[in-house]
Amino acid sequence: MNNIIKRYIPQILAILFVVLIFGFLTLNAQTNMDNRGIDFGFGFLSQESSFDVQFSLIEYSGSDSYARAFLVGLLNTLLVSFISIIICTILGVIIGVARLSSNYLIKNSAAWYVEFFRNIPLLLQIFFWYYAALRALPMPEKANAWFGVTYMTVKGYYIPAMVWENLNIFLYCGLAAIIAIFILRNYANKLRDTQGKQIPVLLYSVGLLIVLPLLSFLFGGVSLEFEIPELKKLSKISYIYEGGISLPPELIALVLALSLYTSTFVAECVRAGIEGVSKGQKEAAASVGLTPNQVLKLVIMPQALRIIIPPTTNQYLNLTKNSSLAAAIAYPDLVLVFAGTALMQTGKAIEIVSITMLTYLTISLTIAAIMNWYNKKIEIKEK
Amino acid sequence: MQTINFLKPNRDNIKNYSIIGSFLVLVSLIDVISNAFLKVNLTSFLPGSLTTLFPLIIGLIGLNMMRIDYSGNKKLDLLNKNINTNNFNALLTLLILFSIIKALPQSLSWMIFDATISGDSKDACTGTGACWTYIKVWFRRFMYGMYPNEFHWRINTAFILVIALGFVGYFMKENLKKYLALYYVIIYPVIAYLVIYYLISGGSFGLQWVETGAWGGLSLTFIVSFFCLIFCFPLGMIFALGRRSNLPAIKYISICYIEFWRGVPLITVLFMSSVMFPMFLPEDFFMDKLVRVIIAITLFEAAYCAEVIRGGLQSLPRGQYDAAKSLGMGYWKMHIFVILPQALKLVIPGIANTFLALVKDTPLIFVVGLAELAGMLALAKTNPKWLGFAMEGYIFASIVFWIICYAMSKYSYNLEAKYKTER
């Protein structure tokens with residue numbers, strides 16, 4: 001009897017506490033909304049939004065609905081996160097490996113890079129790039145060409161656009177190449193396990209990835225043309241580039257700040273991972289007669305990746321959440337478009353803020369679930 | 001002189017190699033330095049791109065000739081081991097050295113030699129360098145926000161008092177030490193709140209009332225992060241214990257709380273505190289913007305704090321729990337006297353890291369209209385009398401934040417090292 005009381009009383013109290021808090025808040029919200037004449041509901045999502053977004057991946061105009069504005073913001077958030085994740089991974093791996101270098105200068109430069117970019121608030125870094133560094137770029141008419149065809153100007157970065165013909169055939173070829181690589185890998189693994197033979201999988205994979213899409217150009221009727229940005233005079237003093245793709249300065253500043261900031265954390269993860277593989281493993285592998293390349297590929301990397309991947313995904317998640325700072329420099333991401341402009345216009349504070357938070361929550365929880373599954377899969381099965 | 005084998009220097013004629021090698025490296029460095037500092041191109045007689053590549057090639061050959069294994073010369077061996085183990089390393093060494101030399105004169109002249117610091121208006125800044133006059137004139141604003149100039153002593157006094165009270169624990173008498181936790185978790189926050197309320201807000205004791213909208217600058221960063229830290233710690237502890245509880249209802253409530261706050265960005269939490277929170281409060285109940293922000297950040301950071309503390313709880317060996325239970329201790333007795341004192345000691349570095357993240361997050365409060373350092377910069381930048389000094393402002397703020405955060409991260413490393421050895 002005593003045990004049952006001890007077990008259930010605290011639980012009932014806790015549930016009661018939570019219910020009371022939620023009840024209190026909802027009651028207040030209800031009376032407040034009644035008093036101000038606001039009604040609760042998600043009907044506004046299908047209404048016409050009547051505001052414009054500067055930069056969007058999909059067709060969007062003021063006559064589209066709020067739901068589509070939400071989609072525009074979400075896609076912009078995902079775009080900036082995706083680009084930053086790629087750049088920060090490349091930078092992070094380089095810096096992380098450099099921190100373990102035997103070269104005094106390289107080791108210390110990498111360490112200072114990490115200490116420098118990690119200890120300045122991300123928001124300040126974004127402001128620095130956007131308001132100070134990128135503002136010092138030349139006007140469009142004075143810009144020099146980078147790599148001959150791209151122009152970095154104060155109004156953004158102009159790059160050539162790709163004009164495809166029969167893009168779908170090309171994509172199918174790429175897909176076929178990826179499937180072929182998977183089959184090849186499985187076959188190679190089987191061969192290694194049963195007969196101990198090694199196949200240069202990487203070489204074949206790269207070959208497949210290049211050859212198959214190339215074939216689509218030769219036989220599939222795929223063609224690719226580049227639309228190069230060209231300088232155009234708008235008025236006496238104002239110039240602009242036309243054609244091609246223009247990446248707005250907000251996007252560039254955001255990508256720079258996010259990837260430099262997060263790369264320091266990725267670098268630390270990579271360093272910890274490589275240091276985490278014990279020296280004995282390397283020596284044992286070498287004494288079995290594996291070549292240095294095989295040691296790296298078959299012994300070090302699988303173990304190091306096991307340590308590196310979980311915290312690194314966490315950093316990717318942080319990056320995605322941090323990309324919401326875009327609102328500070330008016331890059332039209334989810335927070336700015338939806339929790340900013342749309343909220344201002346509709347006044348539906350509760351609905352819009354909860355949708356925004358739930359979206360981020362969904363992204364985080366999905367990735368966390370995938371990571372848990374992956375960790376379970378790769379964890380060392382001890383007998 | 002014997003013939004010199006360029007590709008494979010050996011120990012036999014170490015003198016020739018090391019002298020020729022260091023001479024070549026010296027030539028390459030002199031070439032780069034004269035290019036950067038004196039703007040004289042020594043190798044202008046060479047065609048086109050060879051001029052730029054010249055120091056690199058010469059330097060590489062020089063380093064290659066200096067690379068002699070076990071030369072017997074200690075300094076040379078040290079040099080080779082550290083920066084010159086193979087050609088790739090030598091190349092990277094040279095590239096890093098050259099880029100430092102190239103970047104140095106420009107940044108130095110911008111930041112120091114051509115910079116202006118005299119005068120008190122924009123007109124003083126005529127040089128090509130940075131305009132530190134801007135920082136000098138705006139310094140008080142950057143530190144104290146819009147807080148009236150004549151009352152700045154109140155902020156300083158309050159901070160000194162709060163810090164002094166924080167150190168009381170070090171000087172407590174031995175027989176009072178058992179109340180230390182009580183002091184830091186309950187009494188200290190209350191006293192600190194009262195000190196800050198009565199001194200900085202004012203309104204009584206003959207001090208003029210200053211509304212929170214006028215607070216700002218770096219002092220606001222400190223106020224917000226200080227309160228968030230002292231409030232989020234106990235809250236985080238509760239949820240950490242809750243998550244490890246074996247009562248399902250309490251466990252799942254804690255998990256939901258922690259995962260929710262960890263899954264959303266801080267900026268949306270601040271949006272919530274400014275636009276959504278007032279809707280959930282009773283009518284006619286007014287809550288100050290700063291208080292709302294502190295509550296929001298506290299709730300947010302408590303989730304991170306809880307995860308850090310949970311890590312500490314989990315790393316304690318099971319034996320500690322079993323031993324406490326076998327002595328007949330109940331849940332609370334066991335945690336207060338056995339588990340938490342050990343676990344909290346383990347998580348001090350983790351808490352320091354959370355606090356570091358918290359300080360780095362405080363600039364975000366600008367989205368609700370509170371202007372701490374970054375916010376004041378944005379304000380100063382758009383002042384018509386001081387247009388065009390964004391660069392100086394952000395560099396100043398970066399240096400300030402960098403010093404604070406770097407010192408804190410070094411301190412947390414030290415703590416980590418200190419507590420590691422004790423176990």
# chains A, B, ... in the order shown; residues from 1 in each chain; ligands from 1
call {"tool": "interface_residues", "arguments": {"of": "chain A", "to": "chain B", "cutoff": "6 Å", "atoms": "only C-alpha atoms", "output": "list of chain:residue names"}}
result
A:Gln11, A:Leu25, A:Asn28, A:Ala29, A:Asn103, A:Tyr104, A:Asn119, A:Ile120, A:Pro121, A:Phe128, A:Ala132, A:Lys321, A:Ala349, A:Ile350, A:Met357, A:Tyr360, A:Leu361, A:Ser364
call {"tool": "select_by_dssp", "arguments": {"residues": "range 1-244 of chain A", "states": "strand (DSSP E)", "output": "list in words"}}
result
Ala145, Trp146, Thr150, Tyr151, Met152, Thr153, Gly156, Tyr157, Tyr158, Ile159, Ala161, Met162, Val163, Trp164, Glu165, Ser223, Leu224, Glu225, Phe226, Glu227, Glu230, Leu231, Lys232, Lys233, Tyr239, Ile240, Tyr241 and Glu242 of chain A
call {"tool": "atom_distance", "arguments": {"atom1": "CA of Cys125 in chain B", "atom2": "CA of Phe139 in chain B"}}
result
16.6 Å
call {"tool": "residues_around", "arguments": {"residues": "Gly41 in chain A", "least_positions_apart": "6", "cutoff": "12 Å", "atoms": "only C-alpha atoms", "output": "list in words"}}
result
Met33, Thr346, Gly347, Lys348, Ala349, Ile350, Glu351, Ile352 and Ile355 of chain A
call {"tool": "write_last_selection", "arguments": {"atoms": "C-alpha atoms", "output": "short mmCIF file (atom, residue, chain, number, x, y, z; two decimals), in the first residue's frame"}}
result
data_model
loop_
_atom_site.label_atom_id
_atom_site.label_comp_id
_atom_site.auth_asym_id
_atom_site.auth_seq_id
_atom_site.Cartn_x
_atom_site.Cartn_y
_atom_site.Cartn_z
CA MET A 33 -8.64 36.51 -27.75
CA THR A 346 -2.47 38.35 -40.05
CA GLY A 347 -1.84 38.93 -36.35
CA LYS A 348 -2.30 35.21 -35.72
CA ALA A 349 0.50 35.04 -33.19
CA ILE A 350 -0.30 31.71 -31.55
CA GLU A 351 -0.93 29.78 -34.75
CA ILE A 352 2.06 31.10 -36.67
CA ILE A 355 3.65 26.26 -36.78
#
call {"tool": "select_by_dssp", "arguments": {"residues": "range 57-304 of chain B", "states": "helix (DSSP H, G or I)", "output": "number ranges by chain"}}
result
B: 57-66, 74-83, 87-113, 122-124, 132-144, 149-166, 168-171, 174-201, 212-214, 217-243, 248-263, 266-280, 289-304
call {"tool": "residues_around", "arguments": {"residues": "range 260-270 of chain A", "least_positions_apart": "5", "cutoff": "9 Å", "atoms": "only C-alpha atoms", "output": "ChimeraX atom specification"}}
result
/A:84-85,87-97,99,113-122,125,255,275,304-305,307-309,311-312,315-316,318-319
call {"tool": "write_last_selection", "arguments": {"atoms": "N, CA and C atoms", "output": "CSV table (one decimal), in the first residue's frame"}}
result
chain,number,residue,atom,x,y,z
A,84,SER,N,25.4,25.4,-46.5
A,84,SER,CA,26.4,25.6,-45.4
A,84,SER,C,26.9,24.3,-44.9
A,85,ILE,N,26.0,23.2,-44.8
A,85,ILE,CA,26.5,21.9,-44.3
A,85,ILE,C,27.6,21.4,-45.1
A,87,ILE,N,29.7,23.0,-47.1
A,87,ILE,CA,30.9,23.8,-47.0
A,87,ILE,C,31.6,23.5,-45.6
A,88,CYS,N,30.7,23.5,-44.6
A,88,CYS,CA,31.3,23.4,-43.2
A,88,CYS,C,31.9,22.0,-43.0
A,89,THR,N,31.3,21.0,-43.7
A,89,THR,CA,31.9,19.6,-43.6
A,89,THR,C,33.3,19.6,-44.2
A,90,ILE,N,33.4,20.2,-45.5
A,90,ILE,CA,34.7,20.2,-46.1
A,90,ILE,C,35.8,20.9,-45.3
A,91,LEU,N,35.4,22.1,-44.9
A,91,LEU,CA,36.3,23.0,-44.1
A,91,LEU,C,36.6,22.2,-42.8
A,92,GLY,N,35.6,21.7,-42.1
A,92,GLY,CA,35.8,21.1,-40.8
A,92,GLY,C,36.8,19.9,-40.9
A,93,VAL,N,36.6,19.1,-41.9
A,93,VAL,CA,37.5,17.9,-42.1
A,93,VAL,C,38.9,18.4,-42.3
A,94,ILE,N,39.1,19.4,-43.2
A,94,ILE,CA,40.4,19.8,-43.4
A,94,ILE,C,41.1,20.4,-42.2
A,95,ILE,N,40.3,21.2,-41.4
A,95,ILE,CA,40.9,21.9,-40.2
A,95,ILE,C,41.1,20.8,-39.2
A,96,GLY,N,40.2,19.9,-39.0
A,96,GLY,CA,40.3,18.8,-38.0
A,96,GLY,C,41.6,18.0,-38.2
A,97,VAL,N,41.8,17.6,-39.5
A,97,VAL,CA,43.0,16.8,-39.9
A,97,VAL,C,44.2,17.7,-39.6
A,99,ARG,N,44.7,20.0,-37.5
A,99,ARG,CA,45.0,20.1,-36.1
A,99,ARG,C,45.9,18.9,-35.6
A,113,TYR,N,42.4,29.1,-35.9
A,113,TYR,CA,41.2,29.2,-36.7
A,113,TYR,C,40.0,28.8,-35.8
A,114,VAL,N,40.1,27.7,-35.2
A,114,VAL,CA,39.0,27.1,-34.4
A,114,VAL,C,38.7,28.1,-33.2
A,115,GLU,N,39.7,28.5,-32.5
A,115,GLU,CA,39.5,29.4,-31.3
A,115,GLU,C,38.9,30.7,-31.8
A,116,PHE,N,39.3,31.2,-33.0
A,116,PHE,CA,38.8,32.5,-33.4
A,116,PHE,C,37.4,32.5,-33.8
A,117,PHE,N,37.0,31.5,-34.7
A,117,PHE,CA,35.6,31.6,-35.2
A,117,PHE,C,34.6,31.0,-34.2
A,118,ARG,N,35.1,30.2,-33.2
A,118,ARG,CA,34.2,29.6,-32.3
A,118,ARG,C,33.8,30.6,-31.2
A,119,ASN,N,34.6,31.5,-30.9
A,119,ASN,CA,34.4,32.4,-29.8
A,119,ASN,C,33.8,33.7,-30.1
A,120,ILE,N,33.3,33.9,-31.3
A,120,ILE,CA,32.6,35.1,-31.7
A,120,ILE,C,31.2,34.7,-31.9
A,121,PRO,N,30.2,35.4,-31.3
A,121,PRO,CA,28.8,35.1,-31.5
A,121,PRO,C,28.4,35.0,-33.0
A,122,LEU,N,27.7,34.0,-33.3
A,122,LEU,CA,27.3,33.8,-34.7
A,122,LEU,C,26.6,35.1,-35.3
A,125,GLN,N,29.0,37.5,-36.4
A,125,GLN,CA,29.7,37.1,-37.6
A,125,GLN,C,28.8,37.4,-38.8
A,255,VAL,N,25.7,32.0,-45.5
A,255,VAL,CA,26.4,30.8,-45.7
A,255,VAL,C,27.8,30.9,-45.2
A,275,GLU,N,41.5,11.0,-33.0
A,275,GLU,CA,42.3,10.7,-31.8
A,275,GLU,C,41.8,9.5,-31.0
A,304,ALA,N,36.8,5.6,-36.6
A,304,ALA,CA,36.7,7.0,-36.4
A,304,ALA,C,35.4,7.6,-36.7
A,305,LEU,N,34.8,7.1,-37.8
A,305,LEU,CA,33.5,7.6,-38.3
A,305,LEU,C,32.4,7.3,-37.2
A,307,ILE,N,32.8,7.4,-34.1
A,307,ILE,CA,32.9,8.5,-33.1
A,307,ILE,C,32.5,9.8,-33.7
A,308,ILE,N,32.8,10.1,-35.0
A,308,ILE,CA,32.6,11.4,-35.5
A,308,ILE,C,31.2,11.7,-35.9
A,309,ILE,N,30.5,10.7,-36.4
A,309,ILE,CA,29.2,11.0,-37.0
A,309,ILE,C,28.1,11.5,-36.1
A,311,PRO,N,28.1,13.3,-33.1
A,311,PRO,CA,28.2,14.7,-32.7
A,311,PRO,C,28.2,15.6,-33.9
A,312,THR,N,28.7,15.1,-35.1
A,312,THR,CA,28.6,16.0,-36.3
A,312,THR,C,27.2,16.2,-36.7
A,315,GLN,N,25.8,18.8,-34.8
A,315,GLN,CA,26.2,20.2,-35.3
A,315,GLN,C,25.4,20.6,-36.5
A,316,TYR,N,25.1,19.6,-37.4
A,316,TYR,CA,24.3,20.0,-38.6
A,316,TYR,C,22.9,20.5,-38.1
A,318,ASN,N,22.3,21.9,-35.2
A,318,ASN,CA,22.5,23.2,-34.7
A,318,ASN,C,22.6,24.2,-35.8
A,319,LEU,N,23.3,23.9,-36.9
A,319,LEU,CA,23.4,24.8,-38.0
A,319,LEU,C,22.0,25.1,-38.6
call {"tool": "residues_around", "arguments": {"residues": "Lys232 in chain A", "least_positions_apart": "5", "cutoff": "6 Å", "atoms": "only C-alpha atoms", "output": "MDAnalysis selection string"}}
result
chainID A and resid 239:241
call {"tool": "residues_around", "arguments": {"residues": "Pro10 in chain A", "least_positions_apart": "2", "cutoff": "12 Å", "atoms": "only C-alpha atoms", "output": "list in words"}}
result
Asn3, Ile4, Ile5, Lys6, Arg7, Tyr8, Ile12, Leu13, Ala14, Ile15, Leu16 and Phe17 of chain A; Gly242, Ser245, Asn246, Leu247, Pro248, Ala249, Ile250 and Lys251 of chain B
call {"tool": "write_last_selection", "arguments": {"atoms": "N, CA and C atoms", "output": "tab-separated table (two decimals), in the first residue's frame"}}
result
chain	number	residue	atom	x	y	z
A	3	ASN	N	3.92	1.49	-0.88
A	3	ASN	CA	4.64	1.58	-2.14
A	3	ASN	C	3.79	2.18	-3.24
A	4	ILE	N	2.55	1.74	-3.29
A	4	ILE	CA	1.66	2.25	-4.33
A	4	ILE	C	1.49	3.75	-4.18
A	5	ILE	N	1.30	4.21	-2.95
A	5	ILE	CA	1.16	5.65	-2.74
A	5	ILE	C	2.43	6.36	-3.19
A	6	LYS	N	3.57	5.80	-2.81
A	6	LYS	CA	4.84	6.43	-3.17
A	6	LYS	C	5.01	6.49	-4.68
A	7	ARG	N	4.51	5.48	-5.39
A	7	ARG	CA	4.66	5.45	-6.83
A	7	ARG	C	3.69	6.37	-7.54
A	8	TYR	N	2.43	6.38	-7.06
A	8	TYR	CA	1.44	7.06	-7.86
A	8	TYR	C	1.22	8.51	-7.49
A	12	ILE	N	0.72	11.50	-10.22
A	12	ILE	CA	-0.56	12.19	-10.34
A	12	ILE	C	-0.36	13.68	-10.14
A	13	LEU	N	0.47	14.02	-9.14
A	13	LEU	CA	0.72	15.44	-8.88
A	13	LEU	C	1.37	16.10	-10.09
A	14	ALA	N	2.36	15.41	-10.69
A	14	ALA	CA	3.05	15.99	-11.84
A	14	ALA	C	2.09	16.22	-12.99
A	15	ILE	N	1.26	15.20	-13.27
A	15	ILE	CA	0.31	15.34	-14.38
A	15	ILE	C	-0.66	16.47	-14.09
A	16	LEU	N	-1.12	16.52	-12.84
A	16	LEU	CA	-2.06	17.57	-12.44
A	16	LEU	C	-1.44	18.95	-12.66
A	17	PHE	N	-0.16	19.05	-12.27
A	17	PHE	CA	0.57	20.31	-12.39
A	17	PHE	C	0.63	20.75	-13.85
B	242	GLY	N	14.21	14.18	-13.30
B	242	GLY	CA	12.94	13.69	-13.83
B	242	GLY	C	13.14	12.72	-14.96
B	245	SER	N	14.07	9.39	-13.73
B	245	SER	CA	13.16	8.80	-12.76
B	245	SER	C	12.57	7.50	-13.31
B	246	ASN	N	12.15	6.60	-12.40
B	246	ASN	CA	11.51	5.38	-12.92
B	246	ASN	C	9.99	5.46	-12.83
B	247	LEU	N	9.47	6.67	-12.60
B	247	LEU	CA	8.03	6.87	-12.66
B	247	LEU	C	7.69	7.35	-14.07
B	248	PRO	N	6.95	6.56	-14.83
B	248	PRO	CA	6.77	6.88	-16.25
B	248	PRO	C	6.22	8.28	-16.51
B	249	ALA	N	5.22	8.72	-15.75
B	249	ALA	CA	4.62	10.02	-16.05
B	249	ALA	C	5.67	11.12	-15.94
B	250	ILE	N	6.42	11.11	-14.85
B	250	ILE	CA	7.42	12.15	-14.63
B	250	ILE	C	8.51	12.06	-15.69
B	251	LYS	N	8.91	10.83	-16.03
B	251	LYS	CA	9.95	10.64	-17.02
B	251	LYS	C	9.53	11.23	-18.37
call {"tool": "residues_around", "arguments": {"residues": "Ala69 in chain A", "least_positions_apart": "3", "cutoff": "10 Å", "atoms": "only C-alpha atoms", "output": "list in words"}}
result
Leu45, Glu48, Ser49, Ser50, Phe51, Asp52, Val53, Ser56, Ile58, Tyr60, Ser61, Gly62, Asp64, Ser65, Tyr66, Val72, Gly73, Leu74, Leu75, Pro332, Leu334, Val337, Phe338, Thr341 and Ala342 of chain A
call {"tool": "atom_distance", "arguments": {"atom1": "CA of Phe285 in chain B", "atom2": "CA of Gln30 in chain A"}}
result
15.0 Å
call {"tool": "atom_distance", "arguments": {"atom1": "CA of Ser18 in chain B", "atom2": "CA of Ile68 in chain B"}}
result
8.5 Å
call {"tool": "closest_residue", "arguments": {"among": "A:Lys190, A:Glu250, A:Leu231, A:Cys173", "to": "Leu215 in chain A", "atoms": "only C-alpha atoms"}}
result
A:Cys173
